[in-house]
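Report on one structure; see the data block that follows.
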Amino acid sequence: MEYFRQIESRIDQGIGRRRLGYVVLGLVILFFLWFPNDTSQSNYAKTVFISGFFYAIMSSSWALLAGIAGQFSFGHMAFMGIGAYAAGLIARDGIVFAMLGIAITPESFSALGAIIIGTLVAGLVGLVIGWLLLRLRAAYLALFTIAFSELFRIMMLTEYDYTGGSNGLSLRPLLQIADVDTARQVEYYLMFALLIVCLLAMHWVANSPIGLFLRAMREDEDAASALGVNVVRYKILIFVFTSMIVGLAGAIFYSDVGSERIIPEQLEVLQMSLIIAYAVIGGMESLIGAAAGAFISRYLLEAMREVVITLPFGLTTADGGDAFVWETGAWRFALFGVVMVFTLRYMRNGLLYPFITWFSGRDLAMKETVSKRKDDDDYADAPLEADDE
Amino acid sequence: MSDINLELNKVSKRFGGNQAVDHVSFSVTKPELIGMIGPNGAGKTTLTNVLSGMLKPSSGTIYLNGRRIDGHPAYDVTRAGLGRTFQITRALGRMTVMENMMVPGLALKPNARKADLEDRAHEILGLLTIDHLTHEYSRALSGGQRKLLELGRLLMLDPAVIVLDEPFAGVHPTLQETITSYIHRVHESGKAIIFISHDMNAVFELSQRLLVLHHGALIADGDPQSVKNDPAVIDAYLGHEEDD
């Protein structure tokens with residue numbers, strides 16, 4: 001322990017933790033920029049990474065909505081689906097304003113135009129849902145969003161003629177690159193860039209006065225309101241903002257960037273639960289934590305499809321081999337569940353919280369406070385609450 | 001000195017069959033220290049909630065400096081110039097003391113320089129003797145320190161009228177002195193303060209004017225001595241003398 005303290009002290013005196021954090025973050029970004037250029041990596045590996053970036057956007061935006069703003073919504077996948085389906089339907093059927101006698105043909109929309117409209121539609125539905133949710137809190141909010149989410153999924157499933165039902169809906173491809181390897185590489189960079197842009201936008205919101213008001217709202221809506229915060233405005237704003245982010249991510253991902261078609265199965269509550277689980281494991285009050293949690297979880301869940309177990313002590317398998325392959329199937333999700341249980345029981349702020357706290361220098365401020373208050377027993381009329389996180 | 005003109009006109013609040021506040025009328029037109037007392041269930045906290053926009057009144061009007069505020073959301077009432085604390089302190093637990101202070105600062109002055117607001121927050125925390133807890137999460141504060149933090153947040157709002165709901169409840173004498181000194185200081189800066197308390201010593205020591213509620217109705221409004229001897233007040237607190 002003493003050895004680690006010495007290292008910590010040298011870092012504090014030298015480069016500083018926050019700067020070191022930026023260096024580590026820079027190295028991670030460099031790794032992701034380099035990865036698709038590694039010729040030894042297969043297209044499958046790049047596909048896994050693309051999916052990881054998509055889920056990182058989903059989980060980090062949910063972290064902003066639920067972890068930072070306190071709106072525990074199960075409707076996130078539905079908003080993603082709204083963005084994707086709207087983009088797909090517009091690009092296929094165009095828009096008809098029957099009342100005005102105006103029809104915009106599908107050819108008028110480029111894939112990008114359809115994605116932008118899909119994003120706006122997701123934001124518009126977010127506005128309506130945010131308004132309907134104004135008076136709902138905690139469990140009621142969660143139940144409402146589950147109901148909304150299921151309603152949307154069943155609509156997409158049953159309106160076969162329009163949505164393709166369980167076969168799903170193909171969106172207009174955003175990129176049209178003939179060479180498969182090049183296409184995968186471009187798709188990789190596109191999704192990675194989208195993740196970075198979304199994280200930067202969310203980081204800006206979370207660290208602006210809006211973010212401060214959102215956290216105040218999360219802690220106590222009545223108290224925030226009594227302190228002059230327009231709770232209604234910020235509640236709706238955060239629903240619209242996160243709905244647009246996931247609507248955009250969905251519209252791009254399913255425009256043949258990460259997947260060929262959006263299917264209603266993707267909108268199931270189980271899928272939403274995975275988004276929440278990734279955010280909880282990484283740290284639902286941290287955008288970076290939730291994004292990293294989602295990416296790492298997705299990667300590990302893929303990597304664990306087949307686990308090679310080498311037998312110890314010279315043991316052999318029935319056919320004489322020294323190792324066997326365990327096809328984990330659903331067991332990998334069970335292991336994932338164990339990690340989730342451990343996180344919720346022992347590290348409610350996520351497995352990455354200690355690292356984020358350390359790099360941000362937050363624990364230094366806390367240590368300073370503790371040392372300052374040692375002699376201060378003037379107001380010891382009530383016991384300190386246990387800091388159990 | 002802030003402009004002060006708070007006017008309640010026949011304000012009532014009913015929950016089903018329960019008349020929690022019953023046609024209460026009074027006005028505050030100068031920086032006064034006003035105690036609000038009444039037995040349990042008299043409607044003091046409900047009236048505070050109605051005043052601060054947490055509850056809509058069933059009937060009646062409230063004007064603050066010429067602006068009608070009854071039925072307006074709490075944030076709007078706060079921005080109009082009425083700040084309040086809560087009976088059970090409501091510190092924003094997973095936010096630091098400084099962040100707790102910055103919420104009202106930025107909510108009311110979104111265009112102010114952050115550094116200026118932080119300087120003001122430091123100054124207030126120093127006044128309240130909790131400046132050493134600036135970077136501490138407020139959930140880690142003791143009950144007394146949370147009371148001080150709530151008072152600090154009020155100063156960031158700088159309202160013309162302040163309503164303190166049970167500021168002395170559950171605090172030890174040292175802290176009570178700090179809170180009393182705070183109340184005097186804020187009052188001297190030109191604010192009207194209405195405070196609810198069950199501590200009669202504190203009420204009679206501090207108040208320049210007393211409001212007494214009973215069964216939701218305002219049964220007395222005047223200087224503490226006259227209110228103390230008011231038969232209706234004695235009756236409300238001690239009950240009827242039964243005839244044999």
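In the structure tokens, chains take the letters A, B, ... in the order shown, each chain's residues start at 1, and ligands count up from 1 in the order shown.
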
ask   = region 140-233 of chain A: which residues are alpha helix (DSSP H) by DSSP, as a VMD selection string?
value = chain A and resid 140 to 158 160 to 163 180 to 206 209 to 219 221 to 226 231 to 233

Those selected residues, please, written with C-alpha atoms and delivered as a compact mmCIF listing (two decimals), in the first residue's frame.
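Okay, result_18.txt is ready:
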# COMPACT_ATOMS: atom_id res chain seq x y z
CA TYR A 140 -44.48 5.48 -11.88
CA LEU A 141 -42.14 7.07 -14.40
CA ALA A 142 -40.44 3.72 -15.03
CA LEU A 143 -43.78 1.93 -15.47
CA PHE A 144 -45.08 4.61 -17.82
CA THR A 145 -42.01 4.38 -20.03
CA ILE A 146 -42.17 0.56 -20.08
CA ALA A 147 -45.80 0.83 -21.23
CA PHE A 148 -44.88 3.40 -23.88
CA SER A 149 -41.97 1.29 -25.04
CA GLU A 150 -44.07 -1.87 -25.36
CA LEU A 151 -46.83 0.06 -27.11
CA PHE A 152 -44.37 1.26 -29.72
CA ARG A 153 -42.80 -2.19 -30.15
CA ILE A 154 -46.17 -3.86 -30.65
CA MET A 155 -47.20 -1.20 -33.16
CA MET A 156 -44.04 -1.85 -35.15
CA LEU A 157 -44.63 -5.58 -34.93
CA THR A 158 -48.28 -5.58 -35.98
CA TYR A 160 -46.62 -5.35 -41.04
CA ASP A 161 -47.53 -3.53 -44.25
CA TYR A 162 -45.66 -0.42 -43.18
CA THR A 163 -42.93 -1.63 -40.87
CA VAL A 180 -16.28 -4.66 -47.91
CA ASP A 181 -13.04 -4.00 -46.02
CA THR A 182 -13.05 -0.30 -46.78
CA ALA A 183 -16.76 -0.09 -45.97
CA ARG A 184 -16.22 -1.65 -42.56
CA GLN A 185 -13.36 0.73 -41.85
CA VAL A 186 -15.40 3.80 -42.79
CA GLU A 187 -18.38 2.54 -40.79
CA TYR A 188 -16.09 2.03 -37.82
CA TYR A 189 -14.77 5.59 -37.95
CA LEU A 190 -18.24 7.00 -38.54
CA MET A 191 -19.67 5.28 -35.46
CA PHE A 192 -16.63 6.18 -33.37
CA ALA A 193 -16.89 9.82 -34.44
CA LEU A 194 -20.60 9.78 -33.57
CA LEU A 195 -19.77 8.44 -30.11
CA ILE A 196 -17.18 11.17 -29.53
CA VAL A 197 -19.51 13.93 -30.75
CA CYS A 198 -22.39 12.64 -28.60
CA LEU A 199 -20.14 12.33 -25.54
CA LEU A 200 -18.80 15.85 -26.04
CA ALA A 201 -22.33 17.26 -26.41
CA MET A 202 -23.53 15.39 -23.32
CA HIS A 203 -20.42 16.36 -21.37
CA TRP A 204 -21.07 19.99 -22.23
CA VAL A 205 -24.67 19.73 -20.99
CA ALA A 206 -23.70 17.82 -17.83
CA PRO A 209 -25.52 25.18 -15.39
CA ILE A 210 -28.14 22.93 -17.04
CA GLY A 211 -26.27 19.89 -15.69
CA LEU A 212 -26.19 21.44 -12.24
CA PHE A 213 -29.95 22.01 -12.36
CA LEU A 214 -30.53 18.46 -13.62
CA ARG A 215 -28.60 17.04 -10.68
CA ALA A 216 -30.50 19.30 -8.28
CA MET A 217 -33.72 17.99 -9.82
CA ARG A 218 -32.50 14.41 -9.37
CA GLU A 219 -31.79 15.00 -5.70
CA GLU A 221 -37.45 18.24 -7.31
CA ASP A 222 -39.29 20.32 -4.70
CA ALA A 223 -36.10 21.71 -3.21
CA ALA A 224 -34.71 22.49 -6.67
CA SER A 225 -37.92 24.29 -7.54
CA ALA A 226 -37.76 26.27 -4.28
CA VAL A 231 -38.07 21.82 -13.14
CA VAL A 232 -40.66 21.45 -15.91
CA ARG A 233 -38.43 23.09 -18.48

Near chain A, which residues of chain B fall within 8 Å when you count only C-alpha atoms, and what do they look like as a PDB file with C-alpha atoms, in the first residue's frame?
ATOM      1  CA  SER B  52     -44.024  29.374  -1.675  1.00  0.00           C
ATOM      2  CA  MET B  54     -45.533  24.237  -3.509  1.00  0.00           C
ATOM      3  CA  PRO B  73     -44.954  27.274  -9.623  1.00  0.00           C
ATOM      4  CA  ALA B  74     -42.445  27.388  -6.791  1.00  0.00           C
ATOM      5  CA  TYR B  75     -39.527  28.460  -8.972  1.00  0.00           C
ATOM      6  CA  ASP B  76     -41.524  31.449 -10.177  1.00  0.00           C
ATOM      7  CA  THR B  78     -38.778  32.186  -5.671  1.00  0.00           C
ATOM      8  CA  ARG B  79     -37.774  34.381  -8.593  1.00  0.00           C
ATOM      9  CA  GLY B  83     -37.439  32.176  -0.411  1.00  0.00           C
ATOM     10  CA  ARG B  84     -38.081  29.383   2.040  1.00  0.00           C
ATOM     11  CA  ARG B  90     -33.570  19.252   2.089  1.00  0.00           C
ATOM     12  CA  ALA B  91     -29.922  19.513   1.193  1.00  0.00           C
ATOM     13  CA  LEU B  92     -29.116  18.218  -2.285  1.00  0.00           C
ATOM     14  CA  GLY B  93     -27.303  15.166  -0.922  1.00  0.00           C
ATOM     15  CA  ARG B  94     -25.102  13.973  -3.772  1.00  0.00           C
ATOM     16  CA  MET B  95     -23.941  17.461  -4.592  1.00  0.00           C
ATOM     17  CA  GLU B  99     -22.828  23.080  -5.851  1.00  0.00           C
ATOM     18  CA  ASN B 100     -25.764  23.462  -3.453  1.00  0.00           C
ATOM     19  CA  VAL B 103     -27.924  26.146  -7.886  1.00  0.00           C
ATOM     20  CA  PRO B 104     -29.874  29.191  -6.627  1.00  0.00           C
ATOM     21  CA  LEU B 106     -27.194  30.363 -11.356  1.00  0.00           C
ATOM     22  CA  ALA B 107     -30.970  29.830 -11.402  1.00  0.00           C
ATOM     23  CA  LEU B 108     -31.578  33.462 -10.522  1.00  0.00           C
ATOM     24  CA  HIS B 132     -14.367  24.443   5.457  1.00  0.00           C
ATOM     25  CA  LEU B 133     -17.009  22.050   4.070  1.00  0.00           C
ATOM     26  CA  HIS B 135     -16.096  20.506  -1.280  1.00  0.00           C
ATOM     27  CA  GLU B 136     -17.921  18.032   0.938  1.00  0.00           C
ATOM     28  CA  ARG B 139     -25.215  14.196   2.538  1.00  0.00           C
ATOM     29  CA  ALA B 140     -22.125  13.927   4.734  1.00  0.00           C
ATOM     30  CA  LEU B 141     -23.053  17.027   6.742  1.00  0.00           C
ATOM     31  CA  SER B 142     -24.571  16.817  10.195  1.00  0.00           C
ATOM     32  CA  GLY B 143     -28.185  17.882  10.714  1.00  0.00           C
ATOM     33  CA  GLY B 144     -27.085  21.273  12.046  1.00  0.00           C
ATOM     34  CA  GLN B 145     -24.688  21.895   9.195  1.00  0.00           C
ATOM     35  CA  ARG B 153     -28.734  28.902  -0.155  1.00  0.00           C
ATOM     36  CA  LEU B 154     -31.404  31.421   0.808  1.00  0.00           C
ATOM     37  CA  LEU B 157     -31.339  33.840  -3.647  1.00  0.00           C
ATOM     38  CA  VAL B 171     -30.471  21.879  16.943  1.00  0.00           C
ATOM     39  CA  HIS B 172     -28.252  22.345  19.971  1.00  0.00           C
ATOM     40  CA  THR B 174     -24.528  26.701  19.979  1.00  0.00           C
ATOM     41  CA  LEU B 175     -26.081  26.287  16.582  1.00  0.00           C
TER      42      LEU B 175
END

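The shell of residues at most 8 Å from Val257 (chain A), with only C-alpha atoms counted and near chain neighbours (fewer than 3 positions) removed, consists of Pro173, Leu174, Leu175, Glu187, Met191, Ile252, Phe253, Tyr254 and Glu260 of chain A.
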
message = Please list as a list in words every residue within 8 Å of Phe49 (chain A), counting only C-alpha atoms and excluding residues in the same chain fewer than 4 positions away.
response = Ala45, Phe53, Tyr188, Phe295 and Tyr299 of chain A

request  = Might you pull out every residue within 6 Å of region 11-16 of chain B, with only C-alpha atoms counted and same-chain residues fewer than 5 positions away left off, and present them as a ChimeraX atom specification?
outcome  = /B:21-24,57-60

query = Leaving out region 179-182 of chain B and any residue of its chain fewer than 2 positions from it, which residues lie within 10 Å of it when counting only C-alpha atoms, given as an NGL selection string?
reply = :B and (127-128 or 144 or 147-148 or 151-152 or 167-168 or 171 or 173-177 or 184-188 or 202 or 205-206)

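Going from CA of Glu107 (chain A) to CA of Gly81 (chain A) covers 22.5 Å.
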
query = Counting only C-alpha atoms, which of A:Val339, A:Leu270, A:Ala63, A:Ala111 gets nearest to Arg92 (chain A)?
reply = A:Ala111

query = Which residues in region 7-238 of chain A does DSSP call strand (DSSP E or B)? List them as a list in words.
reply =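 So, restricting region 7-238 of chain A to strand (DSSP E or B), we get Ile95, Val96, Phe97, Ile102, Ala103, Ile104, Leu169 and Ser170 of chain A.
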
Using only C-alpha atoms, please write the residues we just selected to a file, as an mmCIF file, in the first residue's frame.
data_model
loop_
_atom_site.group_PDB
_atom_site.id
_atom_site.type_symbol
_atom_site.label_atom_id
_atom_site.label_comp_id
_atom_site.auth_asym_id
_atom_site.auth_seq_id
_atom_site.Cartn_x
_atom_site.Cartn_y
_atom_site.Cartn_z
ATOM 1 C CA ILE A 95 -44.095 12.444 -46.457
ATOM 2 C CA VAL A 96 -47.671 13.294 -47.338
ATOM 3 C CA PHE A 97 -49.350 16.346 -45.829
ATOM 4 C CA ILE A 102 -48.439 18.394 -50.342
ATOM 5 C CA ALA A 103 -46.513 15.205 -50.965
ATOM 6 C CA ILE A 104 -42.736 14.934 -50.679
ATOM 7 C CA LEU A 169 -37.410 -2.396 -41.817
ATOM 8 C CA SER A 170 -34.415 -1.660 -44.017
#

request  = Quick one: pull the distance between CA of Val97 (chain B) and CA of Thr45 (chain B), Å, one decimal.
outcome  = 25.9 Å

message = Just to confirm, what's the straight-line distance from CA of Phe239 (chain A) to CA of Ala292 (chain A) in Å (one decimal)?
response =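 A separation of 22.5 Å between them.
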